[in-house]
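Okay, run-v6.txt now, which holds compact mmCIF, C-alpha atoms (C1' of nucleotides):
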```txt
# COMPACT_ATOMS: atom_id res chain seq x y z
CA MET A 1451 -21.89 -14.84 20.29
CA SER A 1452 -19.16 -17.40 19.66
CA GLN A 1453 -16.90 -18.78 22.36
CA ARG A 1454 -14.34 -16.45 23.89
CA PRO A 1455 -11.40 -18.35 25.22
CA TYR A 1456 -9.31 -16.19 27.48
CA SER A 1457 -6.87 -18.61 29.10
CA LYS A 1458 -3.74 -19.58 27.24
CA ASP A 1459 -4.73 -23.25 27.65
CA ASP A 1460 -8.08 -22.66 26.00
CA LEU A 1461 -6.35 -20.79 23.20
CA ALA A 1462 -3.82 -23.58 22.72
CA ASP A 1463 -6.67 -26.08 22.41
CA ARG A 1464 -8.40 -23.89 19.91
CA LEU A 1465 -5.29 -23.57 17.79
CA ARG A 1466 -4.74 -27.32 17.91
CA SER A 1467 -8.32 -27.96 16.82
CA CYS A 1468 -7.52 -25.93 13.69
CA GLY A 1469 -4.39 -27.96 13.06
CA ILE A 1470 -2.08 -25.19 14.24
CA ASN A 1471 0.89 -25.97 16.44
CA PRO A 1472 0.37 -23.69 19.45
CA THR A 1473 3.69 -21.95 19.92
CA ARG A 1474 4.28 -19.20 22.46
CA GLN A 1475 4.08 -16.48 19.80
CA ARG A 1476 0.94 -17.84 18.19
CA ILE A 1477 -0.80 -18.04 21.56
CA GLU A 1478 0.21 -14.47 22.34
CA ILE A 1479 -1.20 -13.27 19.02
CA ALA A 1480 -4.41 -15.26 19.46
CA HIS A 1481 -4.70 -13.82 22.96
CA ALA A 1482 -4.37 -10.25 21.66
CA LEU A 1483 -7.24 -10.83 19.25
CA PHE A 1484 -9.62 -13.03 21.24
CA SER A 1485 -9.32 -11.44 24.66
CA ARG A 1486 -10.13 -8.02 23.24
CA TYR A 1487 -12.59 -9.23 20.64
CA GLU A 1488 -11.88 -6.13 18.57
CA HIS A 1489 -10.82 -5.38 15.02
CA LEU A 1490 -7.06 -4.96 15.03
CA SER A 1491 -4.52 -4.18 12.35
CA ALA A 1492 -1.29 -6.16 12.08
CA ASP A 1493 0.61 -3.22 13.53
CA GLN A 1494 -1.73 -3.02 16.49
CA VAL A 1495 -1.31 -6.73 17.16
CA LEU A 1496 2.45 -6.32 16.98
CA ALA A 1497 2.32 -3.45 19.48
CA ILE A 1498 0.07 -5.34 21.91
CA VAL A 1499 2.13 -8.49 21.80
CA ASN A 1500 5.36 -6.58 22.43
CA GLN A 1501 3.94 -4.25 25.08
CA ARG A 1502 6.12 -5.53 27.92
CA GLN A 1503 9.30 -6.41 26.07
CA PRO A 1504 9.81 -6.95 22.37
CA GLU A 1505 9.91 -10.66 21.81
CA THR A 1506 7.87 -11.30 18.69
CA SER A 1507 9.01 -10.18 15.28
CA ARG A 1508 6.97 -8.39 12.68
CA ALA A 1509 7.39 -11.28 10.23
CA THR A 1510 5.93 -13.69 12.74
CA VAL A 1511 2.92 -11.48 13.37
CA TYR A 1512 2.18 -11.22 9.66
CA ASN A 1513 2.78 -14.92 9.04
CA THR A 1514 0.63 -15.91 11.99
CA LEU A 1515 -2.25 -13.62 11.06
CA ASN A 1516 -2.22 -15.06 7.54
CA LEU A 1517 -2.13 -18.56 8.99
CA PHE A 1518 -5.14 -17.77 11.18
CA VAL A 1519 -7.01 -16.38 8.18
CA GLU A 1520 -6.26 -19.47 6.07
CA THR A 1521 -7.56 -21.77 8.77
CA LYS A 1522 -10.60 -19.51 9.22
CA LEU A 1523 -9.80 -18.85 12.85
CA ILE A 1524 -10.14 -15.13 12.16
CA ARG A 1525 -11.32 -13.05 9.23
CA GLU A 1526 -9.72 -10.31 7.15
CA VAL A 1527 -11.65 -7.07 6.83
CA ILE A 1528 -10.63 -4.97 3.85
CA VAL A 1529 -12.08 -1.49 4.22
CA ASP A 1530 -9.04 0.75 4.28
CA PRO A 1531 -6.51 0.70 1.45
CA ASP A 1532 -3.75 1.46 3.93
CA ARG A 1533 -4.13 -1.53 6.20
CA VAL A 1534 -6.03 -4.75 6.71
CA PHE A 1535 -8.03 -5.37 9.87
CA TYR A 1536 -8.32 -8.77 11.49
CA ASP A 1537 -11.60 -9.79 13.02
CA PRO A 1538 -11.85 -12.50 15.68
CA ASN A 1539 -15.59 -12.75 15.07
CA THR A 1540 -16.13 -15.35 12.36
CA ALA A 1541 -19.90 -15.56 12.77
CA PRO A 1542 -21.75 -14.07 9.77
CA HIS A 1543 -21.84 -10.33 10.20
CA TYR A 1544 -21.26 -7.07 8.38
CA HIS A 1545 -19.51 -3.80 9.20
CA ILE A 1546 -20.00 -0.10 9.71
CA TYR A 1547 -16.81 1.78 8.97
CA ASN A 1548 -16.22 5.30 10.21
CA VAL A 1549 -14.03 6.75 7.46
CA GLU A 1550 -12.89 9.59 9.72
CA THR A 1551 -11.81 7.66 12.80
CA GLY A 1552 -11.19 4.24 11.28
CA GLU A 1553 -13.59 2.73 13.82
CA LEU A 1554 -15.18 -0.54 12.75
CA THR A 1555 -18.49 -1.78 14.20
CA ASP A 1556 -20.27 -5.08 13.71
CA ILE A 1557 -23.75 -5.63 12.35
CA ASP A 1558 -25.24 -9.02 13.12
CA ALA A 1559 -26.14 -10.83 9.91
CA GLN A 1560 -29.26 -12.27 11.53
CA ASP A 1561 -30.87 -8.84 11.53
CA VAL A 1562 -30.36 -8.34 7.80
CA ARG A 1563 -32.34 -9.88 4.95
CA ILE A 1564 -30.99 -9.68 1.41
CA GLU A 1565 -32.82 -10.72 -1.76
CA GLY A 1566 -31.94 -10.73 -5.41
CA LEU A 1567 -28.21 -11.32 -5.24
CA PRO A 1568 -27.03 -13.31 -8.27
CA GLU A 1569 -25.61 -16.84 -8.04
CA PRO A 1570 -21.86 -17.07 -8.46
CA PRO A 1571 -20.85 -17.57 -12.10
CA PRO A 1572 -20.66 -21.22 -13.30
CA GLY A 1573 -17.69 -23.08 -11.87
CA MET A 1574 -17.25 -20.45 -9.17
CA VAL A 1575 -17.88 -20.80 -5.46
CA THR A 1576 -18.80 -17.99 -3.12
CA GLU A 1577 -16.10 -17.61 -0.52
CA GLY A 1578 -17.82 -14.91 1.46
CA MET A 1579 -19.79 -11.72 1.30
CA ASP A 1580 -18.79 -8.39 2.78
CA ILE A 1581 -21.14 -5.52 3.43
CA ILE A 1582 -19.54 -2.27 4.48
CA ILE A 1583 -21.51 0.83 5.38
CA ARG A 1584 -19.22 3.84 5.26
CA VAL A 1585 -20.23 6.65 7.60
CA ARG A 1586 -18.84 10.05 8.50
CA SER A 1587 -19.92 12.81 10.86
CA GLY A 1588 -22.01 15.62 9.38
CA ARG A 1589 -25.53 16.62 8.49
CA ALA A 1590 -27.70 14.30 6.47
CA ALA A 1591 -27.05 14.77 2.74
CA MET B 1252 -26.80 3.01 -17.54
CA SER B 1253 -25.27 6.43 -17.09
CA GLN B 1254 -23.94 8.55 -19.94
CA ARG B 1255 -20.74 7.43 -21.64
CA PRO B 1256 -18.94 10.37 -23.17
CA TYR B 1257 -16.28 9.20 -25.59
CA SER B 1258 -15.11 12.37 -27.28
CA LYS B 1259 -12.56 14.57 -25.58
CA ASP B 1260 -14.95 17.51 -25.87
CA ASP B 1261 -17.67 15.63 -24.05
CA LEU B 1262 -15.19 14.66 -21.37
CA ALA B 1263 -14.00 18.26 -20.99
CA ASP B 1264 -17.61 19.36 -20.51
CA ARG B 1265 -18.15 16.68 -17.96
CA LEU B 1266 -15.07 17.69 -16.00
CA ARG B 1267 -16.13 21.34 -16.11
CA SER B 1268 -19.59 20.47 -14.83
CA CYS B 1269 -17.87 18.97 -11.77
CA GLY B 1270 -15.81 22.12 -11.26
CA ILE B 1271 -12.63 20.51 -12.60
CA ASN B 1272 -10.35 22.43 -14.92
CA PRO B 1273 -10.07 20.09 -17.93
CA THR B 1274 -6.35 19.85 -18.66
CA ARG B 1275 -4.85 17.55 -21.26
CA GLN B 1276 -3.75 15.01 -18.63
CA ARG B 1277 -7.08 14.99 -16.84
CA ILE B 1278 -8.94 14.44 -20.08
CA GLU B 1279 -6.61 11.58 -20.97
CA ILE B 1280 -7.21 9.95 -17.60
CA ALA B 1281 -10.96 10.44 -17.84
CA HIS B 1282 -10.85 8.96 -21.33
CA ALA B 1283 -8.99 5.87 -20.10
CA LEU B 1284 -11.72 5.25 -17.52
CA PHE B 1285 -14.89 6.23 -19.34
CA SER B 1286 -14.16 4.88 -22.81
CA ARG B 1287 -13.40 1.45 -21.38
CA TYR B 1288 -15.98 1.55 -18.65
CA GLU B 1289 -13.96 -0.95 -16.65
CA HIS B 1290 -12.49 -1.15 -13.17
CA LEU B 1291 -8.89 0.01 -13.39
CA SER B 1292 -6.11 0.38 -10.84
CA ALA B 1293 -3.97 3.51 -10.74
CA ASP B 1294 -1.13 1.61 -12.34
CA GLN B 1295 -3.33 0.41 -15.16
CA VAL B 1296 -4.52 3.95 -15.79
CA LEU B 1297 -0.92 5.14 -15.84
CA ALA B 1298 0.01 2.43 -18.36
CA ILE B 1299 -2.95 3.19 -20.63
CA VAL B 1300 -2.37 6.92 -20.59
CA ASN B 1301 1.30 6.50 -21.44
CA GLN B 1302 0.82 3.77 -24.03
CA ARG B 1303 2.12 5.77 -26.98
CA GLN B 1304 4.75 7.93 -25.34
CA PRO B 1305 5.20 8.71 -21.64
CA GLU B 1306 3.76 12.13 -21.07
CA THR B 1307 1.84 11.89 -17.80
CA SER B 1308 3.56 11.36 -14.47
CA ARG B 1309 2.59 8.94 -11.78
CA ALA B 1310 1.92 11.77 -9.33
CA THR B 1311 -0.56 13.34 -11.73
CA VAL B 1312 -2.41 10.07 -12.21
CA TYR B 1313 -2.76 9.58 -8.45
CA ASN B 1314 -3.71 13.22 -7.84
CA THR B 1315 -6.24 13.19 -10.64
CA LEU B 1316 -7.86 9.93 -9.58
CA ASN B 1317 -8.23 11.28 -6.05
CA LEU B 1318 -9.67 14.50 -7.45
CA PHE B 1319 -12.20 12.52 -9.50
CA VAL B 1320 -13.17 10.51 -6.43
CA GLU B 1321 -13.65 13.67 -4.32
CA THR B 1322 -15.92 15.20 -6.94
CA LYS B 1323 -17.78 11.89 -7.23
CA LEU B 1324 -16.98 11.56 -10.92
CA ILE B 1325 -15.74 8.05 -10.23
CA ARG B 1326 -15.77 5.70 -7.28
CA GLU B 1327 -13.10 3.88 -5.32
CA VAL B 1328 -13.50 0.13 -4.94
CA ILE B 1329 -11.58 -1.34 -2.03
CA VAL B 1330 -11.47 -5.11 -2.37
CA ASP B 1331 -7.79 -5.91 -2.61
CA PRO B 1332 -5.39 -4.82 0.12
CA ASP B 1333 -2.68 -4.39 -2.50
CA ARG B 1334 -4.34 -1.82 -4.71
CA VAL B 1335 -7.42 0.34 -5.12
CA PHE B 1336 -9.65 0.05 -8.16
CA TYR B 1337 -11.42 3.00 -9.73
CA ASP B 1338 -14.91 2.54 -11.09
CA PRO B 1339 -16.39 4.91 -13.69
CA ASN B 1340 -19.85 3.60 -12.87
CA THR B 1341 -21.27 5.78 -10.10
CA ALA B 1342 -24.82 4.42 -10.31
CA PRO B 1343 -25.74 2.34 -7.25
CA HIS B 1344 -24.30 -1.12 -7.73
CA TYR B 1345 -22.35 -3.84 -5.99
CA HIS B 1346 -19.46 -6.12 -6.92
CA ILE B 1347 -18.42 -9.69 -7.45
CA TYR B 1348 -14.70 -10.09 -6.89
CA ASN B 1349 -12.76 -13.08 -8.18
CA VAL B 1350 -10.04 -13.46 -5.57
CA GLU B 1351 -7.96 -15.61 -7.91
CA THR B 1352 -7.91 -13.45 -11.02
CA GLY B 1353 -8.68 -10.06 -9.50
CA GLU B 1354 -11.61 -9.70 -11.90
CA LEU B 1355 -14.35 -7.36 -10.72
CA THR B 1356 -17.95 -7.59 -12.00
CA ASP B 1357 -20.90 -5.30 -11.37
CA ILE B 1358 -24.23 -6.21 -9.81
CA ASP B 1359 -27.02 -3.74 -10.48
CA ALA B 1360 -28.42 -2.43 -7.20
CA GLN B 1361 -31.94 -2.41 -8.61
CA ASP B 1362 -31.98 -6.21 -8.61
CA VAL B 1363 -31.13 -6.40 -4.90
CA ARG B 1364 -33.40 -5.76 -1.94
CA ILE B 1365 -31.93 -5.36 1.52
CA GLU B 1366 -33.85 -5.11 4.77
CA GLY B 1367 -32.85 -4.73 8.38
CA LEU B 1368 -29.70 -2.66 8.04
CA PRO B 1369 -29.29 -0.32 11.01
CA GLU B 1370 -29.46 3.46 10.74
CA PRO B 1371 -26.11 5.24 10.98
CA PRO B 1372 -25.23 6.17 14.57
CA PRO B 1373 -26.50 9.57 15.80
CA GLY B 1374 -24.61 12.47 14.24
CA MET B 1375 -23.27 10.22 11.50
CA VAL B 1376 -24.19 10.22 7.82
CA THR B 1377 -23.98 7.25 5.50
CA GLU B 1378 -21.49 7.99 2.77
CA GLY B 1379 -22.06 4.80 0.85
CA MET B 1380 -22.53 1.08 1.08
CA ASP B 1381 -20.35 -1.56 -0.50
CA ILE B 1382 -21.34 -5.15 -1.05
CA ILE B 1383 -18.62 -7.47 -2.23
CA ILE B 1384 -19.19 -11.12 -3.06
CA ARG B 1385 -15.85 -12.91 -3.08
CA VAL B 1386 -15.74 -15.93 -5.41
CA ARG B 1387 -13.14 -18.45 -6.42
CA SER B 1388 -13.11 -21.43 -8.77
CA GLY B 1389 -13.73 -24.83 -7.20
CA ARG B 1390 -16.44 -27.18 -6.07
CA ALA B 1391 -19.20 -25.96 -3.82
CA ALA B 1392 -18.07 -26.03 -0.19
C1' DG C 1308 3.53 40.07 -28.48
C1' DA C 1309 5.46 40.46 -23.72
C1' DT C 1310 4.72 39.50 -19.04
C1' DA C 1311 3.07 38.31 -14.57
C1' DG C 1312 0.68 35.15 -11.51
C1' DG C 1313 -1.72 31.22 -10.29
C1' DA C 1314 -2.74 26.48 -11.28
C1' DA C 1315 -1.11 22.07 -12.83
C1' DT C 1316 2.51 18.87 -13.73
C1' DT C 1317 6.87 16.62 -13.08
C1' DA C 1318 10.78 13.72 -11.28
C1' DG C 1319 12.46 11.93 -7.64
C1' DA C 1320 12.70 11.24 -2.77
C1' DC C 1321 10.11 9.43 0.73
C1' DA C 1322 6.76 6.64 3.83
C1' DC C 1323 4.84 2.55 5.04
C1' DA C 1324 2.41 -2.08 4.93
C1' DG C 1325 3.54 -6.33 3.89
C1' DT C 1326 6.77 -10.18 1.96
C1' DC C 1327 10.97 -12.80 1.38
C1' DC C 1328 15.00 -15.06 2.78
C1' DA C 1329 18.81 -17.15 4.99
C1' DG C 1330 20.32 -18.19 9.32
C1' DA C 1331 19.38 -19.19 14.28
C1' DG C 1332 16.61 -21.38 17.82
C1' DG C 1333 13.53 -25.02 19.82
C1' DT C 1334 11.62 -29.47 20.25
C1' DG C 1335 10.79 -34.27 19.71
C1' DG C 1336 12.37 -38.95 18.16
C1' DC C 1337 15.90 -42.04 18.21
C1' DG D 852 23.78 -36.57 22.47
C1' DC D 853 22.46 -36.09 17.72
C1' DC D 854 19.57 -35.30 13.90
C1' DA D 855 15.46 -33.56 11.51
C1' DC D 856 11.89 -30.67 11.31
C1' DC D 857 9.31 -26.71 12.26
C1' DT D 858 9.24 -22.00 13.80
C1' DC D 859 11.09 -17.56 14.61
C1' DT D 860 14.06 -13.65 13.63
C1' DG D 861 16.20 -9.41 11.64
C1' DG D 862 16.97 -7.20 7.83
C1' DA D 863 16.64 -6.47 3.06
C1' DC D 864 13.31 -5.88 -0.29
C1' DT D 865 8.82 -4.73 -3.02
C1' DG D 866 5.01 -2.14 -4.49
C1' DT D 867 1.51 1.37 -3.75
C1' DG D 868 0.78 5.70 -2.78
C1' DT D 869 2.29 10.61 -1.02
C1' DC D 870 5.16 14.74 -0.65
C1' DT D 871 7.95 18.45 -2.27
C1' DA D 872 10.44 21.76 -4.77
C1' DA D 873 11.14 23.14 -9.23
C1' DT D 874 9.31 23.70 -13.81
C1' DT D 875 5.78 24.28 -17.27
C1' DC D 876 1.43 25.70 -18.82
C1' DC D 877 -2.66 28.95 -19.14
C1' DT D 878 -4.82 32.92 -19.04
C1' DA D 879 -5.51 37.65 -18.26
C1' DT D 880 -3.69 42.10 -18.66
C1' DC D 881 -1.18 45.45 -20.61
```

Let me see the structure of the file written as structure tokens.
Amino acid sequence: MSQRPYSKDDLADRLRSCGINPTRQRIEIAHALFSRYEHLSADQVLAIVNQRQPETSRATVYNTLNLFVETKLIREVIVDPDRVFYDPNTAPHYHIYNVETGELTDIDAQDVRIEGLPEPPPGMVTEGMDIIIRVRSGRAA
Amino acid sequence: MSQRPYSKDDLADRLRSCGINPTRQRIEIAHALFSRYEHLSADQVLAIVNQRQPETSRATVYNTLNLFVETKLIREVIVDPDRVFYDPNTAPHYHIYNVETGELTDIDAQDVRIEGLPEPPPGMVTEGMDIIIRVRSGRAA
DNA sequence: GATAGGAATTAGACACAGTCCAGAGGTGGC
DNA sequence: GCCACCTCTGGACTGTGTCTAATTCCTATC
């Protein structure tokens, strides 16, 4: 399991180490993600950050999440066409997605062995690999 | 490789065998997908179907694509938060996604061996598994 | 051929995630 | 104190996808 900084000071250091100027809003957003260590949508982050009184704008939340993704501080998870999830866990892992509830669960990559995947085409570089297992409630098909 | 019906009669039969009433619009949409055998977005399907003269509405294209997905005639591919792709290939396979161009390429599932994936949680059924390899041009990282 | 009824289609309004932009607010260097 | 730069903000905007009420199309029955 990777480090889990909870204090705002720890978070500020972590942002700095990624070359990000740790502003109040950015620390709040990082705190929402890293203290929970859950998969959150942009809207959920916005709601958490503004729980007490609204003080962070929607644009800032979106900009900051994109900034965090670019600097690989967090990861985008694209499983639902309606909204992107943001994942504070950047260690290699995969996902189980409950298509009924929207719940997203991690699978540790260390437990999984994959053979026979092709090399990226010439001149291309692999940026990442996603594995998503979609599940729903019901009897085995 | 699965069957590739090109003629409108073949397509009508195929729709009927899935319990779908083969209307003119539905056959046109099926033709767009199956004759090309490519990954298309809803907008691309709409454009293809209305190439000569506009005669199929946007609502019909969306409704029909969802209907085809429900009856497992085609498959949804969720790789881009901005739009869903529809895949006429329903045989088990995975995808390479070029994040720069949006190009989507198939990987035959027969070539890939995966071990160590967990069982679905109790009471849950696996609906499907997606593997997406994201690539971009550039030097190896 | 006329007609009735259900299914399918249509145009347009709507919903909603995410982006853009121009102006305001902070912060540090001088 | 003043300037320059970066960040934040609200609101307008965009694009995908959905909803709805009205119309059209099919098909069966007479």

* Find the residues around segment 1308-1315 of chain C up to 10 Å (all atoms listed in the file counted), leave out those fewer than 5 positions away in its own chain, and share them as a ChimeraX atom specification. => /B:1272,1274,1276,1311 /D:875-881

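A straight line drawn from atom CA of Asp1532 of chain A to atom CA of Ala1492 of chain A is 11.4 Å long.
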
Within 12 Å of segment 852-864 of chain D, which residues of chain C show up? Give each one with its shortest atom-to-atom distance in Å (one decimal) and the two atoms involved, counting all atoms listed in the file, rows by chain then rising residue number, as CSV.
```
residue,atom,partner,partner_atom,distance
C:DG1325,C1',D:DC864,C1',10.6
C:DT1326,C1',D:DC864,C1',8.1
C:DC1327,C1',D:DC864,C1',7.5
C:DC1328,C1',D:DA863,C1',8.7
C:DA1329,C1',D:DT860,C1',10.5
C:DG1330,C1',D:DT860,C1',8.9
C:DA1331,C1',D:DT860,C1',7.7
C:DG1332,C1',D:DC859,C1',7.4
C:DG1333,C1',D:DT858,C1',8.0
C:DT1334,C1',D:DC857,C1',8.8
C:DG1335,C1',D:DC856,C1',9.2
C:DG1336,C1',D:DA855,C1',9.1
C:DC1337,C1',D:DC854,C1',8.8
```

* Please provide the set of residues having any atom within 10 Å of DA1324 of chain C, restricted to only C-alpha atoms (C1' of nucleotides), with same-chain residues fewer than 3 positions apart removed, written as a PyMOL selection string. => (chain A and resi 1492-1493+1531-1534) or (chain B and resi 1332-1333) or (chain D and resi 866-867)

* Please identify all polymer residues within 12 Å of Leu1318 of chain B, counting all atoms listed in the file, omitting same-chain residues fewer than 4 positions from it, and present them as a PyMOL selection string. => chain B and resi 1266+1269-1273+1277+1280-1281+1311-1314+1322-1327+1337

Selected residues written out, C-alpha atoms, as a PDB file, in the frame of the given file:
```
ATOM      1  CA  LEU B1266     -15.070  17.690 -16.000  1.00  0.00           C
ATOM      2  CA  CYS B1269     -17.870  18.970 -11.770  1.00  0.00           C
ATOM      3  CA  GLY B1270     -15.810  22.120 -11.260  1.00  0.00           C
ATOM      4  CA  ILE B1271     -12.630  20.510 -12.600  1.00  0.00           C
ATOM      5  CA  ASN B1272     -10.350  22.430 -14.920  1.00  0.00           C
ATOM      6  CA  PRO B1273     -10.070  20.090 -17.930  1.00  0.00           C
ATOM      7  CA  ARG B1277      -7.080  14.990 -16.840  1.00  0.00           C
ATOM      8  CA  ILE B1280      -7.210   9.950 -17.600  1.00  0.00           C
ATOM      9  CA  ALA B1281     -10.960  10.440 -17.840  1.00  0.00           C
ATOM     10  CA  THR B1311      -0.560  13.340 -11.730  1.00  0.00           C
ATOM     11  CA  VAL B1312      -2.410  10.070 -12.210  1.00  0.00           C
ATOM     12  CA  TYR B1313      -2.760   9.580  -8.450  1.00  0.00           C
ATOM     13  CA  ASN B1314      -3.710  13.220  -7.840  1.00  0.00           C
ATOM     14  CA  THR B1322     -15.920  15.200  -6.940  1.00  0.00           C
ATOM     15  CA  LYS B1323     -17.780  11.890  -7.230  1.00  0.00           C
ATOM     16  CA  LEU B1324     -16.980  11.560 -10.920  1.00  0.00           C
ATOM     17  CA  ILE B1325     -15.740   8.050 -10.230  1.00  0.00           C
ATOM     18  CA  ARG B1326     -15.770   5.700  -7.280  1.00  0.00           C
ATOM     19  CA  GLU B1327     -13.100   3.880  -5.320  1.00  0.00           C
ATOM     20  CA  TYR B1337     -11.420   3.000  -9.730  1.00  0.00           C
TER      21      TYR B1337
END
```

For chain B, report every residue with an atom at most 8 Å from chain A (counting only C-alpha atoms), formatted as a short mmCIF file (atom, residue, chain, number, x, y, z; two decimals) with C-alpha atoms, in the coordinates of the input.
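See selection-v2.cif below for the written result:
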```cif
data_model
loop_
_atom_site.label_atom_id
_atom_site.label_comp_id
_atom_site.auth_asym_id
_atom_site.auth_seq_id
_atom_site.Cartn_x
_atom_site.Cartn_y
_atom_site.Cartn_z
CA ILE B 1329 -11.58 -1.34 -2.03
CA VAL B 1330 -11.47 -5.11 -2.37
CA ASP B 1331 -7.79 -5.91 -2.61
CA PRO B 1332 -5.39 -4.82 0.12
CA ASP B 1333 -2.68 -4.39 -2.50
CA ARG B 1334 -4.34 -1.82 -4.71
CA VAL B 1335 -7.42 0.34 -5.12
CA ILE B 1358 -24.23 -6.21 -9.81
CA ASP B 1362 -31.98 -6.21 -8.61
CA VAL B 1363 -31.13 -6.40 -4.90
CA ARG B 1364 -33.40 -5.76 -1.94
CA ILE B 1365 -31.93 -5.36 1.52
CA GLU B 1366 -33.85 -5.11 4.77
CA GLY B 1367 -32.85 -4.73 8.38
CA LEU B 1368 -29.70 -2.66 8.04
CA PRO B 1369 -29.29 -0.32 11.01
CA PRO B 1371 -26.11 5.24 10.98
CA GLY B 1374 -24.61 12.47 14.24
CA MET B 1375 -23.27 10.22 11.50
CA VAL B 1376 -24.19 10.22 7.82
CA THR B 1377 -23.98 7.25 5.50
CA GLU B 1378 -21.49 7.99 2.77
CA GLY B 1379 -22.06 4.80 0.85
CA MET B 1380 -22.53 1.08 1.08
CA ASP B 1381 -20.35 -1.56 -0.50
CA ILE B 1382 -21.34 -5.15 -1.05
CA ILE B 1383 -18.62 -7.47 -2.23
CA ILE B 1384 -19.19 -11.12 -3.06
CA ARG B 1385 -15.85 -12.91 -3.08
CA VAL B 1386 -15.74 -15.93 -5.41
CA ARG B 1387 -13.14 -18.45 -6.42
CA SER B 1388 -13.11 -21.43 -8.77
CA GLY B 1389 -13.73 -24.83 -7.20
CA ARG B 1390 -16.44 -27.18 -6.07
CA ALA B 1391 -19.20 -25.96 -3.82
CA ALA B 1392 -18.07 -26.03 -0.19
#
```

Counting all atoms listed in the file, which residues of chain C sit at most 9 Å from some atom of chain B, and what is each one's closest atom pair with its distance in Å to one decimal, listed by chain and rising residue number, as JSON lines?
```
{"residue": "C:DA1315", "atom": "C1'", "partner": "B:Thr1274", "partner_atom": "CA", "distance": 8.1}
{"residue": "C:DT1316", "atom": "C1'", "partner": "B:Thr1311", "partner_atom": "CA", "distance": 6.6}
{"residue": "C:DT1317", "atom": "C1'", "partner": "B:Ser1308", "partner_atom": "CA", "distance": 6.4}
{"residue": "C:DA1318", "atom": "C1'", "partner": "B:Ser1308", "partner_atom": "CA", "distance": 8.2}
```

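Distance-wise, atom CA of Leu1262 of chain B and atom CA of His1282 of chain B end up 7.2 Å apart.
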
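When only C-alpha atoms (C1' of nucleotides) are used to compute distances to chain D, the closest of the residues B:Asn1340, B:Ala1263, B:Ala1283, B:Arg1275 turns out to be B:Arg1275.
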
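Here the question is which of A:Pro1504, A:Tyr1456, A:Ser1491, A:His1543 gets nearest to chain D using only C-alpha atoms (C1' of nucleotides), and that residue is A:Pro1504.
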
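Across the structure, atom CA of Asn1317 of chain B and atom CA of Glu1351 of chain B are spaced 27.0 Å apart.
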